[in-house]
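Note sheet for the following structure.
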Protein chains: 2
Amino acid sequence: MTAAVQPLRAATERPDSTGDADTSALDAIGSLARETLGERVTGELRALLVAGRLAPGEKLSLRRVAEALGVSMMPVREAVSRLAADGALEVLPGRAVRVPVLSLAQFRELTRLRLVVEGFAAEEAARQATPADIERIEAFDAAFRQAASADPPDSAAAVAANRDLHFALYEAAAMPSLIEMIERLWLKAGPILNLDMRHEPRRLEGGSAMQAHARLLEAVRRRNAPAARAALEDDIAAAAAHIAETGQLRA
Amino acid sequence: MTAAVQPLRAATERPDSTGDADTSALDAIGSLARETLGERVTGELRALLVAGRLAPGEKLSLRRVAEALGVSMMPVREAVSRLAADGALEVLPGRAVRVPVLSLAQFRELTRLRLVVEGFAAEEAARQATPADIERIEAFDAAFRQAASADPPDSAAAVAANRDLHFALYEAAAMPSLIEMIERLWLKAGPILNLDMRHEPRRLEGGSAMQAHARLLEAVRRRNAPAARAALEDDIAAAAAHIAETGQLRA
DNA sequence: TGTCGTGATCTGTGATCACAGTTAGGTTGG
DNA sequence: CCAACCTAACTGTGATCACAGATCACGACA
């Protein structure tokens, strides 16, 4: 019950070995600052959350997570503190820490904010995207199509590709704080959105996501900011509508 | 050098004594959850940051802050972790933790995001505001006018009233996650914005802020969402322009 | 058989200790 | 008089211990 948390691999591995293809070796030297254990745990939990690997309402135990990750309780406390500050986790007064269960109203608010913020990001991306940016987005789009069109659909790969696709778009806007904002929104909405996709991979077959992505890409290629926003809004709204209908949300 | 941090008052005071007039006694019992020490420290530091009491580049020492607040180092660590996760504080690799120094580009990005997000909040507030909401905003507006019109201007009071005015408006939108987003933005921009106002209270005399507030209030009273957005955008843009010209921002 | 009490076990929170790395200041050698 | 070294004090990070409170299961009583 307690978790899909797995041991952190190779504590000695170079922290900058995460394949950011566009960072030069020189930049890597500058940020040679070793990743702290707490940051590593935070990243691990964040990944689990946006991927929907941690279900809403699921309880986490600091000691359990610490043991599973092979570290002391201390870094886990730090990670949970950060995530709780973001609303990505919830720590009940005297109880345990758990993944928040969103009410329908909260989910609707989150969706409205995503429309505003990610819509703005899409506009800006359409204006600023370089050919290299567009190529990256196209690559993730292809990966998403493949995962979603498979039989049966590879939901885990689709979730990952969808995330990569969206953030490749947002990164094209070249606004770091904006990306942080969007990551926070995804952290909150991720558990329901992607848990659902994991449970009902058939949703992918409708193809509404693939269609929206196609329109989005075309708009970005033509530098049509309003069209990019519209396509992205459709993508978000379609997924949200499905969740609001079938998802398990609190009253 | 190290800080305007002051001891936490009355550790035994009831946490639910914050006057939420619209919560029934029964609900208050439910949320009797005592505020944790770490949360209290977080709140203290947040207040100092948005008020510009902590200057950009100023270094903080966990032990110093802990001693000043009369608590152990532990709660301070938690608070700093949270604020660092939000980008409101910055912890150098092997050095100390300090208030981030924004570059001009970062400040401009922050301003653009504020225009998008707070502009949306103003629109929504104009649509949803109740008479009670409007009264609260008017009260803070009056306080701001008084502080800004005094000779010499009471910059500290003006900063506080300005903050209260803006957040009273945003709270009228009744979107909790939206308010969290805006608080995060203020946390990042607060140090420069309000440090400057503290150093150059003459800026208040121009009256551009008061004028924008007046237009904002009038728009909200008439439920004119676009006008409210426009007025707020002018308010933000005017202050930002002043900072970008005279503020001390990194290249 | 149903219900309440009770203790063992778990929870997060806070404090204290230990440590490696950096910084700054003072001293010594040129 | 200047520069370089070197030591002492400080930094955040991580681990371990102690504690109050909540949960849950088991058992006794009605």
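Residues are referred to by chain and number: the chain letter is A, B, ... according to the order shown in the structure tokens, the number counts from 1 in that chain, and ligands are numbered separately from 1 in the order shown.
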Write out as a ChimeraX atom specification the residues lying within 12 Å of A:Ala126, counting only C-alpha atoms (C1' of nucleotides) and excluding same-chain residues fewer than 4 positions away. /A:119-122,130-131,133-134,137,168-174,216-232
Taking only C-alpha atoms (C1' of nucleotides) into account and nothing else, which residues of chain D lie no more than 12 Å away from chain A? Please answer as a list in words. DG12, DT13, DG14, DA15, DT16, DA20, DG21, DA22 and DT23 of chain D
Mind checking which residues fall within 8 Å of B:Asp141, counting only C-alpha atoms (C1' of nucleotides), ignoring those fewer than 3 positions away in the same chain, and posting them as a list in words?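 After dropping sequence-adjacent residues, the list is Ile137, Glu138, Phe144, Arg145, Ala161, Asn162, Leu165 and His213 of chain B.
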Residues of chain B within 7 Å of chain A, counting only C-alpha atoms, what are they? List them as a ChimeraX atom specification. /B:33,78,81-82,85,93,109,175
Could you write out, as a PyMOL selection string, all the residues of stretch 6-224 of chain B that DSSP marks as helix (DSSP H, G or I)? chain B and resi 15-17+25-30+37-50+62-69+73-85+104-128+131-149+155-171+176-199+201-206+208-221
Take the residues that were just selected and, keeping C-alpha atoms, output them as a short mmCIF file (atom, residue, chain, number, x, y, z; two decimals), in the first residue's frame.
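selection16.cif, freshly written:
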```cif
data_model
loop_
_atom_site.label_atom_id
_atom_site.label_comp_id
_atom_site.auth_asym_id
_atom_site.auth_seq_id
_atom_site.Cartn_x
_atom_site.Cartn_y
_atom_site.Cartn_z
CA PRO B 15 -3.63 29.35 16.05
CA ASP B 16 -7.27 29.60 15.01
CA SER B 17 -7.61 33.04 16.46
CA ALA B 25 -17.48 27.42 15.64
CA LEU B 26 -17.94 23.82 14.57
CA ASP B 27 -15.63 24.24 11.64
CA ALA B 28 -13.09 25.88 13.90
CA ILE B 29 -13.08 22.79 16.06
CA GLY B 30 -12.36 20.70 13.02
CA LEU B 37 6.92 25.57 14.53
CA GLY B 38 8.34 25.20 11.06
CA GLU B 39 5.23 26.74 9.54
CA ARG B 40 5.44 29.64 11.91
CA VAL B 41 9.05 30.34 10.97
CA THR B 42 8.11 30.03 7.30
CA GLY B 43 5.39 32.62 7.75
CA GLU B 44 7.77 34.93 9.56
CA LEU B 45 10.35 34.77 6.80
CA ARG B 46 7.71 35.13 4.09
CA ALA B 47 6.44 38.29 5.72
CA LEU B 48 9.93 39.72 5.90
CA LEU B 49 10.53 38.91 2.25
CA VAL B 50 7.36 40.39 0.75
CA LEU B 62 20.29 29.08 9.95
CA ARG B 63 21.79 29.28 13.41
CA ARG B 64 21.47 33.03 13.60
CA VAL B 65 17.83 33.00 12.55
CA ALA B 66 17.11 30.13 14.90
CA GLU B 67 18.68 32.00 17.78
CA ALA B 68 16.88 35.22 16.90
CA LEU B 69 13.55 33.41 16.79
CA MET B 73 17.84 25.09 13.97
CA MET B 74 15.42 22.43 12.81
CA PRO B 75 12.30 24.51 12.09
CA VAL B 76 14.44 27.10 10.36
CA ARG B 77 15.87 24.45 8.10
CA GLU B 78 12.38 23.38 7.15
CA ALA B 79 11.31 26.95 6.46
CA VAL B 80 14.38 27.68 4.37
CA SER B 81 13.88 24.45 2.45
CA ARG B 82 10.36 25.48 1.53
CA LEU B 83 11.29 29.01 0.59
CA ALA B 84 14.27 27.80 -1.40
CA ALA B 85 12.00 25.42 -3.27
CA LEU B 104 17.08 42.38 -15.21
CA ALA B 105 15.86 39.56 -17.46
CA GLN B 106 14.50 37.62 -14.48
CA PHE B 107 12.72 40.69 -13.18
CA ARG B 108 11.14 41.32 -16.56
CA GLU B 109 9.95 37.74 -16.78
CA LEU B 110 8.48 37.99 -13.32
CA THR B 111 6.67 41.15 -14.30
CA ARG B 112 5.21 39.54 -17.40
CA LEU B 113 3.96 36.63 -15.34
CA ARG B 114 2.44 39.00 -12.83
CA LEU B 115 0.60 40.78 -15.62
CA VAL B 116 -0.82 37.49 -16.86
CA VAL B 117 -1.71 35.93 -13.53
CA GLU B 118 -2.72 38.93 -11.47
CA GLY B 119 -4.53 40.36 -14.48
CA PHE B 120 -6.61 37.22 -14.63
CA ALA B 121 -7.22 37.42 -10.91
CA ALA B 122 -8.42 41.01 -11.24
CA GLU B 123 -10.86 40.02 -13.97
CA GLU B 124 -12.23 37.17 -11.93
CA ALA B 125 -12.42 39.33 -8.83
CA ALA B 126 -14.40 41.95 -10.70
CA ARG B 127 -16.90 39.28 -11.65
CA GLN B 128 -17.16 37.54 -8.29
CA PRO B 131 -20.09 43.87 -1.31
CA ALA B 132 -18.08 42.72 1.70
CA ASP B 133 -15.07 42.08 -0.52
CA ILE B 134 -15.35 45.55 -2.00
CA GLU B 135 -15.56 47.10 1.44
CA ARG B 136 -12.35 45.36 2.49
CA ILE B 137 -10.56 46.57 -0.61
CA GLU B 138 -11.80 50.12 -0.01
CA ALA B 139 -10.55 50.04 3.55
CA PHE B 140 -7.06 49.06 2.50
CA ASP B 141 -7.15 51.62 -0.27
CA ALA B 142 -7.92 54.30 2.29
CA ALA B 143 -5.05 53.10 4.46
CA PHE B 144 -2.72 53.20 1.48
CA ARG B 145 -3.76 56.72 0.54
CA GLN B 146 -3.19 57.91 4.05
CA ALA B 147 0.25 56.33 4.34
CA ALA B 148 1.32 57.52 0.92
CA SER B 149 -0.01 61.04 1.32
CA SER B 155 6.70 53.75 3.47
CA ALA B 156 6.34 50.74 5.75
CA ALA B 157 2.62 51.31 6.20
CA ALA B 158 2.22 51.97 2.50
CA VAL B 159 3.93 48.72 1.59
CA ALA B 160 1.71 46.79 3.99
CA ALA B 161 -1.49 48.49 2.84
CA ASN B 162 -0.59 47.96 -0.78
CA ARG B 163 -0.09 44.27 -0.15
CA ASP B 164 -3.35 43.99 1.77
CA LEU B 165 -5.18 45.87 -0.96
CA HIS B 166 -3.95 43.60 -3.72
CA PHE B 167 -4.60 40.38 -1.85
CA ALA B 168 -8.03 41.51 -0.72
CA LEU B 169 -8.78 41.91 -4.41
CA TYR B 170 -7.36 38.51 -5.33
CA GLU B 171 -9.19 36.80 -2.52
CA PRO B 176 -7.13 29.48 -3.43
CA SER B 177 -4.53 28.00 -5.76
CA LEU B 178 -4.47 31.23 -7.73
CA ILE B 179 -3.65 33.12 -4.58
CA GLU B 180 -0.84 30.71 -3.81
CA MET B 181 0.60 31.35 -7.24
CA ILE B 182 0.47 35.09 -6.74
CA GLU B 183 2.02 34.84 -3.31
CA ARG B 184 4.92 32.98 -4.84
CA LEU B 185 5.41 35.72 -7.40
CA TRP B 186 5.32 38.40 -4.70
CA LEU B 187 7.80 36.40 -2.67
CA LYS B 188 10.26 36.61 -5.51
CA ALA B 189 9.60 40.19 -6.50
CA GLY B 190 8.98 41.55 -3.01
CA PRO B 191 12.55 42.18 -1.96
CA ILE B 192 13.35 44.52 -4.85
CA LEU B 193 9.93 46.10 -5.18
CA ASN B 194 9.50 47.01 -1.56
CA LEU B 195 13.11 47.56 -0.68
CA ASP B 196 13.04 50.22 -3.33
CA MET B 197 9.87 51.77 -2.01
CA ARG B 198 11.46 51.84 1.40
CA HIS B 199 14.51 53.61 0.07
CA PRO B 201 9.38 56.83 -0.59
CA ARG B 202 9.14 59.83 -2.87
CA ARG B 203 8.01 57.43 -5.54
CA LEU B 204 4.68 57.34 -3.80
CA GLU B 205 4.20 61.02 -4.31
CA GLY B 206 3.79 60.65 -8.03
CA SER B 208 0.39 56.81 -10.09
CA ALA B 209 -0.30 53.94 -7.70
CA MET B 210 -3.18 55.78 -6.05
CA GLN B 211 -4.63 56.65 -9.41
CA ALA B 212 -4.42 53.05 -10.61
CA HIS B 213 -6.02 51.84 -7.39
CA ALA B 214 -8.87 54.27 -7.85
CA ARG B 215 -9.55 53.09 -11.38
CA LEU B 216 -9.27 49.50 -10.17
CA LEU B 217 -11.83 49.99 -7.44
CA GLU B 218 -14.23 51.76 -9.74
CA ALA B 219 -13.97 48.92 -12.26
CA VAL B 220 -14.63 46.32 -9.58
CA ARG B 221 -17.65 48.22 -8.31
#
```
Can I have chain A aligned to chain B? Use a least-squares fit on all Cα atoms paired in order and write it out as a compact mmCIF listing (two decimals) with C-alpha atoms, in the first residue's frame.
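result29.txt was written with the following content:
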```txt
# COMPACT_ATOMS: atom_id res chain seq x y z
CA MET A 1 23.91 42.49 8.81
CA THR A 2 22.20 39.24 9.35
CA ALA A 3 18.67 40.11 9.95
CA ALA A 4 15.52 41.78 10.97
CA VAL A 5 14.33 38.50 12.37
CA GLN A 6 12.70 38.78 15.74
CA PRO A 7 11.73 36.18 18.35
CA LEU A 8 8.45 34.43 17.77
CA ARG A 9 5.98 35.70 20.26
CA ALA A 10 4.05 33.54 22.70
CA ALA A 11 4.54 30.02 21.47
CA THR A 12 1.43 29.08 23.37
CA GLU A 13 -0.92 31.53 21.70
CA ARG A 14 -3.81 30.11 19.76
CA PRO A 15 -2.84 29.70 16.12
CA ASP A 16 -6.30 30.61 14.86
CA SER A 17 -6.20 33.96 16.60
CA THR A 18 -4.95 35.65 13.45
CA GLY A 19 -7.80 37.92 12.62
CA ASP A 20 -9.51 36.25 9.69
CA ALA A 21 -12.80 37.93 10.19
CA ASP A 22 -14.66 35.75 7.75
CA THR A 23 -13.88 32.36 9.28
CA SER A 24 -16.55 31.07 11.60
CA ALA A 25 -15.83 29.48 14.93
CA LEU A 26 -16.93 26.14 13.51
CA ASP A 27 -14.33 26.29 10.79
CA ALA A 28 -11.74 27.11 13.41
CA ILE A 29 -12.58 23.92 15.24
CA GLY A 30 -12.02 21.92 12.09
CA SER A 31 -8.62 23.47 11.57
CA LEU A 32 -7.71 23.28 15.21
CA ALA A 33 -4.67 21.41 14.03
CA ARG A 34 -1.88 23.13 15.87
CA GLU A 35 0.50 25.02 13.69
CA THR A 36 3.83 23.30 13.58
CA LEU A 37 6.93 25.23 14.52
CA GLY A 38 8.31 24.92 11.03
CA GLU A 39 5.18 26.44 9.54
CA ARG A 40 5.37 29.30 11.97
CA VAL A 41 8.95 30.06 11.02
CA THR A 42 8.01 29.81 7.35
CA GLY A 43 5.26 32.36 7.84
CA GLU A 44 7.62 34.67 9.67
CA LEU A 45 10.19 34.58 6.90
CA ARG A 46 7.54 34.95 4.21
CA ALA A 47 6.23 38.07 5.86
CA LEU A 48 9.71 39.53 6.06
CA LEU A 49 10.32 38.78 2.40
CA VAL A 50 7.15 40.25 0.90
CA ALA A 51 7.55 43.29 3.12
CA GLY A 52 11.03 43.86 1.75
CA ARG A 53 12.50 43.64 5.23
CA LEU A 54 15.09 41.24 3.87
CA ALA A 55 17.18 42.86 1.17
CA PRO A 56 18.26 41.01 -1.99
CA GLY A 57 21.67 39.47 -1.46
CA GLU A 58 21.28 39.46 2.30
CA LYS A 59 22.69 36.32 3.87
CA LEU A 60 20.81 34.27 6.41
CA SER A 61 22.32 31.78 8.81
CA LEU A 62 20.20 28.89 9.96
CA ARG A 63 21.73 29.03 13.41
CA ARG A 64 21.38 32.79 13.65
CA VAL A 65 17.75 32.73 12.61
CA ALA A 66 17.06 29.83 14.93
CA GLU A 67 18.62 31.66 17.83
CA ALA A 68 16.81 34.89 17.00
CA LEU A 69 13.49 33.08 16.87
CA GLY A 70 14.18 31.09 19.98
CA VAL A 71 13.79 27.71 18.32
CA SER A 72 16.10 24.91 17.28
CA MET A 73 17.81 24.81 13.90
CA MET A 74 15.38 22.15 12.72
CA PRO A 75 12.25 24.22 12.04
CA VAL A 76 14.37 26.87 10.35
CA ARG A 77 15.81 24.25 8.04
CA GLU A 78 12.33 23.19 7.09
CA ALA A 79 11.23 26.76 6.47
CA VAL A 80 14.28 27.54 4.38
CA SER A 81 13.80 24.34 2.40
CA ARG A 82 10.28 25.35 1.50
CA LEU A 83 11.17 28.91 0.62
CA ALA A 84 14.16 27.76 -1.38
CA ALA A 85 11.91 25.40 -3.31
CA ASP A 86 9.78 28.41 -4.19
CA GLY A 87 12.79 30.41 -5.27
CA ALA A 88 12.11 32.89 -2.50
CA LEU A 89 15.43 32.01 -0.96
CA GLU A 90 18.59 30.69 -2.50
CA VAL A 91 21.01 28.29 -0.91
CA LEU A 92 24.47 28.44 -2.38
CA PRO A 93 26.27 25.08 -2.65
CA GLY A 94 28.76 25.19 0.17
CA ARG A 95 28.06 28.67 1.35
CA ALA A 96 25.13 30.25 3.05
CA VAL A 97 21.50 30.85 2.24
CA ARG A 98 20.64 34.28 0.94
CA VAL A 99 17.87 36.32 -0.58
CA PRO A 100 18.20 35.94 -4.38
CA VAL A 101 19.46 38.89 -6.37
CA LEU A 102 17.33 39.13 -9.48
CA SER A 103 18.81 39.94 -12.84
CA LEU A 104 17.05 42.47 -15.01
CA ALA A 105 15.88 39.65 -17.27
CA GLN A 106 14.49 37.70 -14.35
CA PHE A 107 12.68 40.73 -13.04
CA ARG A 108 11.15 41.38 -16.45
CA GLU A 109 9.97 37.79 -16.70
CA LEU A 110 8.45 38.01 -13.24
CA THR A 111 6.65 41.17 -14.23
CA ARG A 112 5.23 39.56 -17.36
CA LEU A 113 3.98 36.64 -15.33
CA ARG A 114 2.41 38.97 -12.81
CA LEU A 115 0.60 40.76 -15.63
CA VAL A 116 -0.79 37.48 -16.91
CA VAL A 117 -1.72 35.88 -13.60
CA GLU A 118 -2.76 38.87 -11.54
CA GLY A 119 -4.52 40.31 -14.57
CA PHE A 120 -6.59 37.15 -14.78
CA ALA A 121 -7.26 37.32 -11.06
CA ALA A 122 -8.47 40.91 -11.39
CA GLU A 123 -10.86 39.94 -14.16
CA GLU A 124 -12.25 37.07 -12.17
CA ALA A 125 -12.50 39.20 -9.05
CA ALA A 126 -14.46 41.83 -10.92
CA ARG A 127 -16.94 39.15 -11.93
CA GLN A 128 -17.24 37.39 -8.59
CA ALA A 129 -16.74 40.07 -5.96
CA THR A 130 -19.42 40.34 -3.31
CA PRO A 131 -20.30 43.65 -1.63
CA ALA A 132 -18.34 42.49 1.40
CA ASP A 133 -15.29 41.88 -0.78
CA ILE A 134 -15.55 45.36 -2.23
CA GLU A 135 -15.82 46.88 1.22
CA ARG A 136 -12.63 45.15 2.31
CA ILE A 137 -10.79 46.39 -0.76
CA GLU A 138 -12.04 49.91 -0.15
CA ALA A 139 -10.85 49.81 3.44
CA PHE A 140 -7.34 48.85 2.43
CA ASP A 141 -7.40 51.44 -0.33
CA ALA A 142 -8.22 54.10 2.24
CA ALA A 143 -5.38 52.88 4.45
CA PHE A 144 -3.00 53.02 1.50
CA ARG A 145 -4.06 56.57 0.57
CA GLN A 146 -3.55 57.70 4.12
CA ALA A 147 -0.10 56.14 4.43
CA ALA A 148 1.02 57.37 1.03
CA SER A 149 -0.34 60.89 1.45
CA ALA A 150 1.22 61.48 4.83
CA ASP A 151 4.19 63.77 5.10
CA PRO A 152 6.58 62.12 5.17
CA PRO A 153 4.94 59.04 3.63
CA ASP A 154 4.68 56.06 5.97
CA SER A 155 6.37 53.58 3.66
CA ALA A 156 5.98 50.54 5.90
CA ALA A 157 2.26 51.10 6.31
CA ALA A 158 1.92 51.79 2.59
CA VAL A 159 3.65 48.54 1.70
CA ALA A 160 1.40 46.59 4.05
CA ALA A 161 -1.77 48.29 2.86
CA ASN A 162 -0.81 47.79 -0.77
CA ARG A 163 -0.31 44.09 -0.14
CA ASP A 164 -3.59 43.81 1.72
CA LEU A 165 -5.40 45.69 -1.02
CA HIS A 166 -4.12 43.45 -3.77
CA PHE A 167 -4.79 40.22 -1.95
CA ALA A 168 -8.24 41.32 -0.86
CA LEU A 169 -8.92 41.74 -4.56
CA TYR A 170 -7.47 38.37 -5.48
CA GLU A 171 -9.36 36.62 -2.71
CA ALA A 172 -12.56 37.94 -4.22
CA ALA A 173 -11.84 35.65 -7.16
CA ALA A 174 -12.30 32.72 -4.77
CA MET A 175 -9.57 30.61 -6.35
CA PRO A 176 -7.21 29.32 -3.64
CA SER A 177 -4.58 27.87 -5.96
CA LEU A 178 -4.52 31.11 -7.89
CA ILE A 179 -3.76 33.00 -4.70
CA GLU A 180 -0.94 30.59 -3.92
CA MET A 181 0.54 31.27 -7.33
CA ILE A 182 0.39 35.01 -6.80
CA GLU A 183 1.89 34.73 -3.33
CA ARG A 184 4.81 32.90 -4.84
CA LEU A 185 5.32 35.66 -7.38
CA TRP A 186 5.18 38.30 -4.67
CA LEU A 187 7.63 36.32 -2.61
CA LYS A 188 10.14 36.57 -5.42
CA ALA A 189 9.46 40.16 -6.39
CA GLY A 190 8.77 41.47 -2.89
CA PRO A 191 12.33 42.13 -1.78
CA ILE A 192 13.16 44.50 -4.66
CA LEU A 193 9.74 46.06 -5.00
CA ASN A 194 9.27 46.91 -1.38
CA LEU A 195 12.86 47.49 -0.45
CA ASP A 196 12.83 50.17 -3.09
CA MET A 197 9.62 51.67 -1.78
CA ARG A 198 11.18 51.74 1.64
CA HIS A 199 14.24 53.54 0.37
CA GLU A 200 12.43 55.94 -1.92
CA PRO A 201 9.10 56.71 -0.33
CA ARG A 202 8.88 59.74 -2.60
CA ARG A 203 7.80 57.35 -5.33
CA LEU A 204 4.44 57.22 -3.62
CA GLU A 205 3.94 60.94 -4.08
CA GLY A 206 3.57 60.60 -7.81
CA GLY A 207 0.20 59.12 -7.04
CA SER A 208 0.24 56.74 -9.99
CA ALA A 209 -0.47 53.86 -7.61
CA MET A 210 -3.37 55.67 -5.99
CA GLN A 211 -4.79 56.56 -9.38
CA ALA A 212 -4.53 52.97 -10.59
CA HIS A 213 -6.18 51.72 -7.42
CA ALA A 214 -9.05 54.17 -7.89
CA ARG A 215 -9.64 52.99 -11.45
CA LEU A 216 -9.38 49.40 -10.28
CA LEU A 217 -11.98 49.86 -7.57
CA GLU A 218 -14.35 51.64 -9.90
CA ALA A 219 -14.04 48.82 -12.42
CA VAL A 220 -14.73 46.19 -9.77
CA ARG A 221 -17.77 48.08 -8.53
CA ARG A 222 -19.15 48.14 -12.08
CA ARG A 223 -18.26 44.49 -12.66
CA ASN A 224 -16.15 45.55 -15.61
CA ALA A 225 -13.59 42.75 -15.86
CA PRO A 226 -11.49 44.11 -18.76
CA ALA A 227 -11.24 47.51 -17.11
CA ALA A 228 -10.17 45.93 -13.84
CA ARG A 229 -7.45 44.03 -15.64
CA ALA A 230 -6.29 47.16 -17.41
CA ALA A 231 -6.11 49.17 -14.20
CA LEU A 232 -4.20 46.44 -12.40
CA GLU A 233 -1.81 46.04 -15.30
CA ASP A 234 -1.08 49.75 -15.17
CA ASP A 235 -0.40 49.51 -11.46
CA ILE A 236 2.03 46.64 -11.92
CA ALA A 237 3.68 48.12 -14.99
CA ALA A 238 4.22 51.51 -13.38
CA ALA A 239 5.92 50.06 -10.34
CA ALA A 240 7.98 47.68 -12.47
CA ALA A 241 9.11 50.44 -14.80
CA HIS A 242 10.34 52.46 -11.86
CA ILE A 243 12.29 49.52 -10.49
CA ALA A 244 13.78 48.63 -13.85
CA GLU A 245 15.09 52.19 -14.16
CA THR A 246 16.37 52.95 -10.71
CA GLY A 247 16.43 49.58 -8.99
CA GLN A 248 19.66 47.79 -8.46
CA LEU A 249 19.42 44.73 -10.65
CA ARG A 250 22.15 42.45 -11.85
CA ALA A 251 23.18 42.48 -15.47
```
Show me, as CSV, the residues of chain C having an atom within 12 Å of chain A, each with the closest atom pair and its distance in Å, using only C-alpha atoms (C1' of nucleotides).
```
residue,atom,partner,partner_atom,distance
C:DC10,C1',A:Arg95,CA,9.6
C:DT11,C1',A:Arg95,CA,5.6
C:DG12,C1',A:Gly94,CA,6.9
C:DT13,C1',A:Gly94,CA,9.7
```
Could you save the residues just selected, with C-alpha atoms (C1' of nucleotides), as a PDB file, in the first residue's frame?
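Ended up saving to selection-v7.pdb:
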```pdb
ATOM      1  C1'  DC C  10       3.130   3.791  14.398  1.00  0.00           C
ATOM      2  C1'  DT C  11       3.169   8.858  12.936  1.00  0.00           C
ATOM      3  C1'  DG C  12       5.602  13.617  12.270  1.00  0.00           C
ATOM      4  C1'  DT C  13       8.203  17.168  15.015  1.00  0.00           C
TER       5       DT C  13
END
```
In Å to one decimal, how far is atom C1' of D:DA8 from atom C1' of C:DT22?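 Atom C1' of D:DA8 lies at a distance of 12.4 Å from atom C1' of C:DT22.
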